[in-house]
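Everything on this sheet refers to the single structure shown next.
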Amino acid sequence: MRSLIVLLFITVFGLDFATAADLTTAQRKVAKQIADLVVSAGSQYQAGDFDAAGKNLDSAIGAIDEAMKDSRPELFDAIAPAFTRITKATALLELEGVLVRPFTAPTRPEAVAKKPAAKPAPRPVKPAATAPLPSPANPFAAGVEPISFAKTVAPILVGHCGRCHITGSKGDFSMATFASLAKGPPEGRVIFPGDVAASRLIETIENGDMPRGGDKVPPASLKILKDWIAGGARYDGPSPDVPLTAFTAGEATTPAPRMAAPPVKRATGNETVSFSKDIAPLLLKNCNGCHIDAMQDRGGLRMDTFALILRGGDSGAIVNASKSAMSLLVRKLKGEEGDRMPAGGRPPLSSESITLISRWIDEGAPLDGDNENQPLSVMASLAWMKTASDDEISARRQQQAIQNLTLVSGAVPKSSGVESERFLIVGDIGEGTARAVASAADEAWKHITPWVKTDTLRGRITVFVMPRRYDYSEFAKMVEQRSLPSDWQSHWRYDGIDAYVTLVAASGDSDETIMARLVAPLASVATAMRGTSVPRWFAEGVGRAVAAKTVMRELPAVEGWNRDAPSAIASMRDGNQFVKNELPPEQADLVSYGLVSVMLSRTQRKQYDALLRALPTANSFDAAFGQAFGVSAADFVSRYKLYVATAK
């Protein structure tokens, strides 16, 4: 996709200017200025500097606005090829969370009347702006009216996906905003602009897996979703962070832009109040339903993330850093301005809670969570985990396990399962089977320990045991809101607190078979638990690579991974595409396996071990990776792609 947008950028002015001779020096200078801005934006996009690319596109749009004050059609003809490309390039930048000023292609001015020639013939406009680009799917071909996300797509998603993924985050997948929709669940993106077949959003609708509860997306609506994705999944709302519900509540899709949110101030450690530990739980308890996980946000205010809190609502900012008395949030909580909050008959906050929020604001309203776009629920849970004991973490996971089983079976389990030092075994199984699985898990752990440093792992890992493949599939559908590939027999999940493995263990399966099914997902979840910033691709790759080197070396699954991984690596564009989670899940998992297999080789093992040691204390995975390997993860992947290509 990114190579396509670079083509869009760079070829805009790679033209034979038939009108150049008719332009004045000043007009040629304007045309060149626009060309340079667009080409620079393309280079910056390719380098991943999306903010700079957006600024240059914004400047190009401003230059076009100025140029159109000149009424000569020759200048219009010279810059017209840029119009369509800029429109589509801004849409793709919006997918990266970068907003550019609204742009509407101007109309061609009429030529100034001149003495007619013997056979007047208007100069034809060069058709480059509407000619299809050389792309197989050609999602960006000009001349096709794009489908409006705000007016058409958002209402479909709210109507059919709202209960699970807009008011809630079933399967750790939120569609509350376009930004969260584009990001997708932890397993990877569900929308790939221009590629309908790879977009899991469409796949789950077509196979009937989504939406749940008997609802069906009508064929006409499904076609709209497909056409929107085929056309580049263009976003035309005011900001990717605007709630999708705003597009269904009669609000204008392009309201007047709010003032930009103030920059995030990071906590220094000297503060007396922690946002993640003290403030976030208060907001989650008292603002949920109206401003957090709400179908229709009140007053245009969303508080699902720290960034949205700083952004404010229709009345403006609610936090005035260092000035709690002037902050709308505090004034609303005290009842000093308008209706007192929280609304809906909830009791007002205690004076102690309001004082705590005021003190946090007076200390500069700093953030001590991982990042400003992390959901408040996740941020608060991670803050709790830092000070919780291993027993408290295990108890919380056990409680979550009971809730998950209740969701699947519709009844509270009669027992909590079998516990060991490292695992909690649960499921609709007998005690004998549970103990056999516990023994197999302990044996699998012995295979994992040499490859995954387990010294920092906290709390028991839950192992859900399903006696039939059907039960295993239903668990994924009910708990994780997803379908699983037909050949899977086990998988893992870690959300920062809850850590579990789910597997099929039938009565006729041998201990060795059960143990083999456990090695890969246990290695993955153990890797993910080493730090909150560990990306899924790395944890998945470790699990597969460790299993391939130990208990699964001769199995057909590993033969398939070894056969298919090189082509999966060769077909990706570059390392950035991979680490930014832009590949389809199946391809990403194969690339992950190939990469980590190399890291576990004799020549790279020292760097791999250094990476694992750095993860628990590193500020980010990228920082730990750079410290261990000397290059960024994206560069490492790009170099490995080159190695695979030259090794053929």
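To be explicit about the labels: the chains of the structure tokens are called A, B, and onward in the order shown, and within each one the residues are counted from 1, while ligands get numbers from 1 in the order they are shown.
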Open item on the list: Report as a PyMOL selection string all protein, DNA and RNA residues lying within 9 Å of range 498-515 of chain A, evaluated on only C-alpha atoms, omitting residues in the same chain fewer than 2 positions from it.
Closed with: chain A and resi 393+396-397+400-401+433+436-437+439-444+459-469+471-472+475-476+488-496+517-519+521-522+525-526+529+551
- [ ] Please provide as JSON, numbers by chain all residues within 8 Å of range 58-72 of chain A, with the sequence filter that same-chain residues fewer than 2 positions apart are discarded (counting only C-alpha atoms).
- [x] {"A": [27, 30, 33, 34, 37, 38, 54, 55, 56, 74, 75, 76, 79, 100, 101, 103, 106, 109, 110, 111, 112]}
Next, write the just-selected residues to a file, as a short mmCIF file (atom, residue, chain, number, x, y, z; two decimals), in the first residue's frame, keeping N, CA, C and O atoms as the atom set.
data_model
loop_
_atom_site.label_atom_id
_atom_site.label_comp_id
_atom_site.auth_asym_id
_atom_site.auth_seq_id
_atom_site.Cartn_x
_atom_site.Cartn_y
_atom_site.Cartn_z
N GLN A 27 4.14 31.94 -12.45
CA GLN A 27 3.23 30.79 -12.44
C GLN A 27 4.00 29.48 -12.48
O GLN A 27 3.63 28.51 -11.81
N VAL A 30 5.12 28.75 -9.03
CA VAL A 30 4.05 28.21 -8.18
C VAL A 30 3.85 26.72 -8.47
O VAL A 30 3.73 25.90 -7.55
N GLN A 33 6.61 24.78 -6.99
CA GLN A 33 6.49 24.72 -5.53
C GLN A 33 5.53 23.62 -5.10
O GLN A 33 5.83 22.84 -4.18
N ILE A 34 4.39 23.54 -5.77
CA ILE A 34 3.41 22.49 -5.44
C ILE A 34 4.01 21.12 -5.71
O ILE A 34 3.85 20.18 -4.92
N LEU A 37 6.50 20.17 -2.98
CA LEU A 37 5.83 19.84 -1.72
C LEU A 37 5.25 18.42 -1.75
O LEU A 37 5.36 17.65 -0.79
N VAL A 38 4.63 18.07 -2.89
CA VAL A 38 4.01 16.75 -3.00
C VAL A 38 5.07 15.66 -3.04
O VAL A 38 4.94 14.61 -2.39
N GLY A 54 2.11 15.09 6.20
CA GLY A 54 0.86 15.83 6.31
C GLY A 54 1.05 17.33 6.21
O GLY A 54 0.26 18.04 5.57
N LYS A 55 2.11 17.84 6.83
CA LYS A 55 2.38 19.28 6.79
C LYS A 55 2.69 19.74 5.37
O LYS A 55 2.25 20.82 4.94
N ASN A 56 3.44 18.93 4.63
CA ASN A 56 3.76 19.32 3.26
C ASN A 56 2.53 19.25 2.36
O ASN A 56 2.36 20.10 1.47
N GLU A 74 -4.46 28.12 -18.01
CA GLU A 74 -3.20 27.43 -18.27
C GLU A 74 -2.54 26.98 -16.96
O GLU A 74 -1.97 25.89 -16.88
N LEU A 75 -2.63 27.83 -15.92
CA LEU A 75 -2.06 27.45 -14.63
C LEU A 75 -2.87 26.31 -14.01
O LEU A 75 -2.31 25.38 -13.42
N PHE A 76 -4.19 26.39 -14.16
CA PHE A 76 -5.04 25.29 -13.67
C PHE A 76 -4.64 23.98 -14.33
O PHE A 76 -4.50 22.95 -13.67
N ILE A 79 -1.45 22.42 -12.82
CA ILE A 79 -1.47 21.84 -11.47
C ILE A 79 -2.62 20.86 -11.26
O ILE A 79 -2.67 20.16 -10.24
N VAL A 100 -5.14 16.40 7.50
CA VAL A 100 -4.74 17.47 6.59
C VAL A 100 -5.99 18.31 6.34
O VAL A 100 -7.11 17.79 6.36
N ARG A 101 -5.80 19.60 6.11
CA ARG A 101 -6.96 20.47 5.90
C ARG A 101 -7.85 19.94 4.79
O ARG A 101 -7.38 19.32 3.83
N PHE A 103 -9.80 19.36 1.48
CA PHE A 103 -9.43 19.79 0.13
C PHE A 103 -10.52 19.39 -0.85
O PHE A 103 -10.93 18.24 -0.91
N PRO A 106 -10.60 22.39 -7.18
CA PRO A 106 -11.24 23.56 -7.80
C PRO A 106 -11.68 23.26 -9.22
O PRO A 106 -11.25 22.28 -9.84
N PRO A 109 -11.12 27.55 -14.46
CA PRO A 109 -11.66 28.88 -14.82
C PRO A 109 -11.80 29.01 -16.33
O PRO A 109 -11.10 28.35 -17.10
N GLU A 110 -12.72 29.82 -16.71
CA GLU A 110 -12.90 30.08 -18.14
C GLU A 110 -11.76 30.94 -18.66
O GLU A 110 -11.22 31.80 -17.95
N ALA A 111 -11.37 30.67 -19.90
CA ALA A 111 -10.30 31.46 -20.50
C ALA A 111 -10.77 32.89 -20.73
O ALA A 111 -11.94 33.15 -21.01
N VAL A 112 -9.82 33.82 -20.60
CA VAL A 112 -10.14 35.22 -20.88
C VAL A 112 -10.41 35.36 -22.38
O VAL A 112 -9.69 34.81 -23.22
#
- [ ] May I have the residues within 8 Å of Leu328 in chain A as a ChimeraX atom specification, using only C-alpha atoms and disregarding those fewer than 2 positions away in the same chain?
- [x] /A:317-320,326,330-332,337
Could you save those same residues with N, CA, C and O atoms as a PDB file, in the first residue's frame?
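This went into selection-v4.pdb:
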ATOM      1  N   ALA A 317     -11.931  22.210  26.130  1.00  0.00           N
ATOM      2  CA  ALA A 317     -11.093  21.371  26.982  1.00  0.00           C
ATOM      3  C   ALA A 317     -11.713  21.245  28.366  1.00  0.00           C
ATOM      4  O   ALA A 317     -12.325  22.187  28.879  1.00  0.00           O
ATOM      5  N   ILE A 318     -11.563  20.084  28.977  1.00  0.00           N
ATOM      6  CA  ILE A 318     -12.080  19.884  30.328  1.00  0.00           C
ATOM      7  C   ILE A 318     -10.960  19.885  31.365  1.00  0.00           C
ATOM      8  O   ILE A 318     -11.220  19.895  32.560  1.00  0.00           O
ATOM      9  N   VAL A 319      -9.706  19.841  30.887  1.00  0.00           N
ATOM     10  CA  VAL A 319      -8.550  19.859  31.784  1.00  0.00           C
ATOM     11  C   VAL A 319      -7.672  21.043  31.424  1.00  0.00           C
ATOM     12  O   VAL A 319      -7.219  21.165  30.282  1.00  0.00           O
ATOM     13  N   ASN A 320      -7.457  21.916  32.382  1.00  0.00           N
ATOM     14  CA  ASN A 320      -6.562  23.062  32.229  1.00  0.00           C
ATOM     15  C   ASN A 320      -5.358  22.794  33.120  1.00  0.00           C
ATOM     16  O   ASN A 320      -5.393  23.019  34.326  1.00  0.00           O
ATOM     17  N   MET A 326      -9.882  26.207  37.274  1.00  0.00           N
ATOM     18  CA  MET A 326     -10.375  26.669  35.981  1.00  0.00           C
ATOM     19  C   MET A 326     -10.704  25.506  35.047  1.00  0.00           C
ATOM     20  O   MET A 326     -11.087  25.733  33.894  1.00  0.00           O
ATOM     21  N   VAL A 330     -13.315  19.630  36.905  1.00  0.00           N
ATOM     22  CA  VAL A 330     -13.479  19.844  38.342  1.00  0.00           C
ATOM     23  C   VAL A 330     -14.743  20.642  38.621  1.00  0.00           C
ATOM     24  O   VAL A 330     -15.496  20.342  39.555  1.00  0.00           O
ATOM     25  N   ARG A 331     -14.994  21.655  37.813  1.00  0.00           N
ATOM     26  CA  ARG A 331     -16.170  22.501  38.033  1.00  0.00           C
ATOM     27  C   ARG A 331     -17.464  21.690  37.860  1.00  0.00           C
ATOM     28  O   ARG A 331     -18.444  21.895  38.586  1.00  0.00           O
ATOM     29  N   LYS A 332     -17.477  20.777  36.897  1.00  0.00           N
ATOM     30  CA  LYS A 332     -18.643  19.919  36.704  1.00  0.00           C
ATOM     31  C   LYS A 332     -18.815  18.961  37.880  1.00  0.00           C
ATOM     32  O   LYS A 332     -19.933  18.702  38.334  1.00  0.00           O
ATOM     33  N   GLU A 337     -20.693  24.523  37.481  1.00  0.00           N
ATOM     34  CA  GLU A 337     -20.994  24.984  36.117  1.00  0.00           C
ATOM     35  C   GLU A 337     -21.945  23.988  35.454  1.00  0.00           C
ATOM     36  O   GLU A 337     -21.582  22.822  35.246  1.00  0.00           O
TER      37      GLU A 337
END
TODO: Enumerate as an NGL selection string all residues of range 226-379 of chain A assigned to alpha helix (DSSP H) by DSSP on the backbone, naming them with the chain letters and numbers the document uses.
DONE: :A and (226-230 or 280-287 or 306-311 or 328-334 or 351-362 or 376-379)
Take the selection from the previous step and output its residues with C-alpha atoms, as a PDB file, in the first residue's frame.
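Output (again-v7.pdb):
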ATOM      1  CA  LYS A 226     -16.679  -4.037   0.188  1.00  0.00           C
ATOM      2  CA  ASP A 227     -16.766  -1.113  -2.238  1.00  0.00           C
ATOM      3  CA  TRP A 228     -15.526   1.234   0.488  1.00  0.00           C
ATOM      4  CA  ILE A 229     -12.536  -0.999   1.217  1.00  0.00           C
ATOM      5  CA  ALA A 230     -11.853  -1.564  -2.495  1.00  0.00           C
ATOM      6  CA  ALA A 280      -8.274   6.349  35.774  1.00  0.00           C
ATOM      7  CA  PRO A 281     -10.179   4.002  38.142  1.00  0.00           C
ATOM      8  CA  LEU A 282     -12.268   6.961  39.371  1.00  0.00           C
ATOM      9  CA  LEU A 283     -13.197   7.954  35.830  1.00  0.00           C
ATOM     10  CA  LEU A 284     -13.964   4.363  34.822  1.00  0.00           C
ATOM     11  CA  LYS A 285     -16.307   3.943  37.783  1.00  0.00           C
ATOM     12  CA  ASN A 286     -18.146   7.260  37.480  1.00  0.00           C
ATOM     13  CA  CYS A 287     -18.061   8.182  33.772  1.00  0.00           C
ATOM     14  CA  PHE A 306      -6.039   9.910  27.981  1.00  0.00           C
ATOM     15  CA  ALA A 307      -5.753  11.576  24.563  1.00  0.00           C
ATOM     16  CA  LEU A 308      -9.526  11.932  24.303  1.00  0.00           C
ATOM     17  CA  ILE A 309      -9.701  13.421  27.809  1.00  0.00           C
ATOM     18  CA  LEU A 310      -7.207  16.111  26.814  1.00  0.00           C
ATOM     19  CA  ARG A 311      -9.101  16.712  23.572  1.00  0.00           C
ATOM     20  CA  LEU A 328     -14.270  22.233  33.465  1.00  0.00           C
ATOM     21  CA  LEU A 329     -13.861  18.673  34.747  1.00  0.00           C
ATOM     22  CA  VAL A 330     -13.479  19.844  38.342  1.00  0.00           C
ATOM     23  CA  ARG A 331     -16.170  22.501  38.033  1.00  0.00           C
ATOM     24  CA  LYS A 332     -18.643  19.919  36.704  1.00  0.00           C
ATOM     25  CA  LEU A 333     -17.801  17.481  39.482  1.00  0.00           C
ATOM     26  CA  LYS A 334     -18.371  20.209  42.069  1.00  0.00           C
ATOM     27  CA  SER A 351     -14.720  15.552  48.308  1.00  0.00           C
ATOM     28  CA  GLU A 352     -11.654  13.321  48.702  1.00  0.00           C
ATOM     29  CA  SER A 353     -11.982  12.051  45.123  1.00  0.00           C
ATOM     30  CA  ILE A 354     -12.459  15.550  43.722  1.00  0.00           C
ATOM     31  CA  THR A 355      -9.439  16.735  45.694  1.00  0.00           C
ATOM     32  CA  LEU A 356      -7.404  13.877  44.232  1.00  0.00           C
ATOM     33  CA  ILE A 357      -8.383  14.852  40.670  1.00  0.00           C
ATOM     34  CA  SER A 358      -7.677  18.534  41.430  1.00  0.00           C
ATOM     35  CA  ARG A 359      -4.228  17.714  42.779  1.00  0.00           C
ATOM     36  CA  TRP A 360      -3.415  15.674  39.673  1.00  0.00           C
ATOM     37  CA  ILE A 361      -4.373  18.649  37.476  1.00  0.00           C
ATOM     38  CA  ASP A 362      -2.430  21.116  39.649  1.00  0.00           C
ATOM     39  CA  LEU A 376      -8.235   3.616  30.371  1.00  0.00           C
ATOM     40  CA  SER A 377      -9.420   0.166  31.434  1.00  0.00           C
ATOM     41  CA  VAL A 378      -6.138  -1.405  30.294  1.00  0.00           C
ATOM     42  CA  MET A 379      -4.073   1.388  31.803  1.00  0.00           C
TER      43      MET A 379
END
- [ ] Please indicate the distance in Å from CA of Pro450 in chain A to CA of Val418 in chain A, rounded to one decimal place.
- [x] 25.9 Å
TODO: Just give me the gap between CA of Leu407 in chain A and CA of Cys161 in chain A in Å, one decimal is fine.
DONE: 18.9 Å
- [ ] For Gly299 in chain A, work out the shell of residues within 8 Å, counting only C-alpha atoms and skipping chain neighbours fewer than 4 positions away, then give it as a list in words.
- [x] Gly313, Asp314 and Ser315 of chain A
- [ ] Would you kindly return, as a list in words, each protein, DNA or RNA residue with an atom no farther than 8 Å from any atom of Pro566 in chain A, considering only C-alpha atoms and excluding same-chain residues fewer than 4 positions away?
- [x]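 Residues meeting the cut-off are Asn562, Ala570, Val591, Gly594 and Val644 of chain A.
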